[in-house]
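> One structure is given below, represented as structure tokens, and several questions about it will come after.
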Amino acid sequence: MLAIARTHARNFSNRFVDEVRFLRAWVERPLTTGAVAPSGATLSRLMASFVDADCPGPIVELGPGTGVVTDALVKRGIDEARLILIEYSPDFCALLSERFPRATVIQGDAYAMADVIGNPVSGSLAGVVSSLPLFTRPLEMRQKLIEDALELMSPGAPFIQFSYALVPPVPEVDGQYGVTRTSWVVRNVPPARVWLYRRVVDKADGSSLVAA
């Protein structure tokens, strides 16, 4: 019983420290951090649930922060060595390297994802999970991020993005990619939802559909 209490106390302490780290990062760089606290456990698990662990190839996480979603991916069964974590903050990069030593942690600009990870082969990624504050950037930059990521991902693999907004961070483009959404995660603070982007693929009869 005492050991369980100590574990709960340690977990609470770690969450508190992470929230302080996030708040400090937001105060110093509000346009790159975008949130005052890490994503909640329920939202993180929901985001991770859309990654197909059986789909081969690396999984890229954009803006992992303190690693809450990263941890959810690992707990889902994703081999840590498959994860490529692109984080702008050097402090968060150091923390991520400590917490996920088998993952590839890269300090860099997630909006230049292809260049940052060395221009991977088209269709080679198993998925992209993003916690970036997309609404802080112009629509054209957001669109390019989605389009570049989908080009690097295998057909059907999702670009997974959360936001607090009522509208999608990037609207779908007919003939190129579609977007679906989850219901609100009301236990998150503030409430959030997940948006899933997938490429449109051509069928043998000349028509098209969103790969799923």
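Within each chain, counting starts at residue 1; across the structure tokens, chains are named A, B, ... in the order shown, with ligands numbered 1 upward in that order.
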Please report as a tab-separated table every residue of region 121-168 of chain A lying within 10 Å of region 38-46 of chain A, along with the nearest atom pair and their distance in Å (one decimal), using only C-alpha atoms.


residue	atom	partner	partner_atom	distance
A:Ser131	CA	A:Ser39	CA	8.4
A:Ile160	CA	A:Leu46	CA	10.0
A:Phe162	CA	A:Leu43	CA	8.4

> Please, what distance in Å, to one decimal, runs between CA of Phe50 (chain A) and CA of Ile78 (chain A)?

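Distance between the two atoms: 11.7 Å.
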
> Please give the complete set of residues from region 41-116 of chain A that DSSP, run on the backbone, assigns to alpha helix (DSSP H), formatted as a PyMOL selection string.

chain A and resi 41-49+68-76+90-99+113-116

> Can you write just those residues out, N, CA and C atoms, as a CSV table (one decimal), in the first residue's frame?


chain,number,residue,atom,x,y,z
A,41,ALA,N,-4.0,12.7,-20.4
A,41,ALA,CA,-3.8,11.3,-20.7
A,41,ALA,C,-4.8,10.7,-21.7
A,42,THR,N,-6.1,11.2,-21.5
A,42,THR,CA,-7.2,10.7,-22.4
A,42,THR,C,-7.0,11.1,-23.8
A,43,LEU,N,-6.6,12.4,-24.0
A,43,LEU,CA,-6.4,12.9,-25.3
A,43,LEU,C,-5.2,12.2,-26.0
A,44,SER,N,-4.1,12.0,-25.2
A,44,SER,CA,-2.9,11.4,-25.7
A,44,SER,C,-3.2,9.9,-26.1
A,45,ARG,N,-3.9,9.2,-25.3
A,45,ARG,CA,-4.3,7.8,-25.7
A,45,ARG,C,-5.1,7.8,-27.0
A,46,LEU,N,-6.0,8.7,-27.1
A,46,LEU,CA,-6.9,8.8,-28.3
A,46,LEU,C,-6.0,9.0,-29.5
A,47,MET,N,-5.1,10.0,-29.4
A,47,MET,CA,-4.2,10.3,-30.6
A,47,MET,C,-3.4,9.0,-30.9
A,48,ALA,N,-2.8,8.4,-29.9
A,48,ALA,CA,-2.0,7.2,-30.2
A,48,ALA,C,-2.8,6.0,-30.8
A,49,SER,N,-4.1,6.0,-30.5
A,49,SER,CA,-4.9,4.9,-30.9
A,49,SER,C,-5.1,4.8,-32.4
A,68,VAL,N,4.2,13.3,-23.5
A,68,VAL,CA,3.0,12.7,-23.0
A,68,VAL,C,2.4,11.8,-24.1
A,69,VAL,N,2.3,12.3,-25.3
A,69,VAL,CA,1.8,11.5,-26.4
A,69,VAL,C,2.8,10.4,-26.8
A,70,THR,N,4.1,10.7,-26.7
A,70,THR,CA,5.1,9.7,-27.0
A,70,THR,C,4.9,8.5,-26.0
A,71,ASP,N,4.7,8.8,-24.8
A,71,ASP,CA,4.5,7.7,-23.8
A,71,ASP,C,3.3,6.9,-24.2
A,72,ALA,N,2.2,7.6,-24.6
A,72,ALA,CA,1.0,6.8,-25.1
A,72,ALA,C,1.3,5.9,-26.3
A,73,LEU,N,2.1,6.4,-27.2
A,73,LEU,CA,2.5,5.6,-28.3
A,73,LEU,C,3.2,4.3,-27.9
A,74,VAL,N,4.2,4.5,-27.0
A,74,VAL,CA,5.0,3.4,-26.5
A,74,VAL,C,4.1,2.4,-25.8
A,75,LYS,N,3.2,2.9,-25.0
A,75,LYS,CA,2.2,2.0,-24.2
A,75,LYS,C,1.3,1.3,-25.1
A,76,ARG,N,1.0,1.9,-26.3
A,76,ARG,CA,0.2,1.2,-27.3
A,76,ARG,C,0.9,0.1,-28.0
A,90,PRO,N,15.2,23.2,-27.2
A,90,PRO,CA,16.4,22.4,-26.8
A,90,PRO,C,16.1,21.7,-25.4
A,91,ASP,N,15.5,22.4,-24.5
A,91,ASP,CA,15.2,21.9,-23.2
A,91,ASP,C,14.3,20.7,-23.3
A,92,PHE,N,13.3,20.7,-24.1
A,92,PHE,CA,12.4,19.6,-24.2
A,92,PHE,C,13.1,18.4,-24.9
A,93,CYS,N,14.0,18.8,-25.9
A,93,CYS,CA,14.8,17.7,-26.5
A,93,CYS,C,15.6,16.9,-25.5
A,94,ALA,N,16.3,17.6,-24.6
A,94,ALA,CA,17.1,17.0,-23.6
A,94,ALA,C,16.2,16.1,-22.7
A,95,LEU,N,15.1,16.5,-22.4
A,95,LEU,CA,14.1,15.8,-21.6
A,95,LEU,C,13.7,14.5,-22.3
A,96,LEU,N,13.3,14.7,-23.6
A,96,LEU,CA,12.9,13.6,-24.4
A,96,LEU,C,13.9,12.5,-24.6
A,97,SER,N,15.2,12.9,-24.8
A,97,SER,CA,16.3,12.0,-24.9
A,97,SER,C,16.5,11.2,-23.7
A,98,GLU,N,16.3,11.8,-22.5
A,98,GLU,CA,16.4,11.1,-21.3
A,98,GLU,C,15.2,10.1,-21.0
A,99,ARG,N,14.0,10.5,-21.4
A,99,ARG,CA,12.9,9.7,-21.2
A,99,ARG,C,12.7,8.6,-22.2
A,113,MET,N,9.8,19.4,-42.0
A,113,MET,CA,9.9,18.0,-41.5
A,113,MET,C,10.8,17.1,-42.4
A,114,ALA,N,10.6,17.2,-43.7
A,114,ALA,CA,11.4,16.4,-44.6
A,114,ALA,C,12.8,16.7,-44.6
A,115,ASP,N,13.2,17.9,-44.6
A,115,ASP,CA,14.6,18.3,-44.5
A,115,ASP,C,15.2,17.9,-43.1
A,116,VAL,N,14.4,18.1,-42.1
A,116,VAL,CA,14.9,17.8,-40.7
A,116,VAL,C,15.3,16.3,-40.6

> Compare A:Leu132, A:Ser124, A:Val185, A:Asp79 by their minimum atom-to-atom distance to Pro64 (chain A), counting only C-alpha atoms, and give me the closest one.

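Nearest to Pro64 (chain A): A:Leu132.
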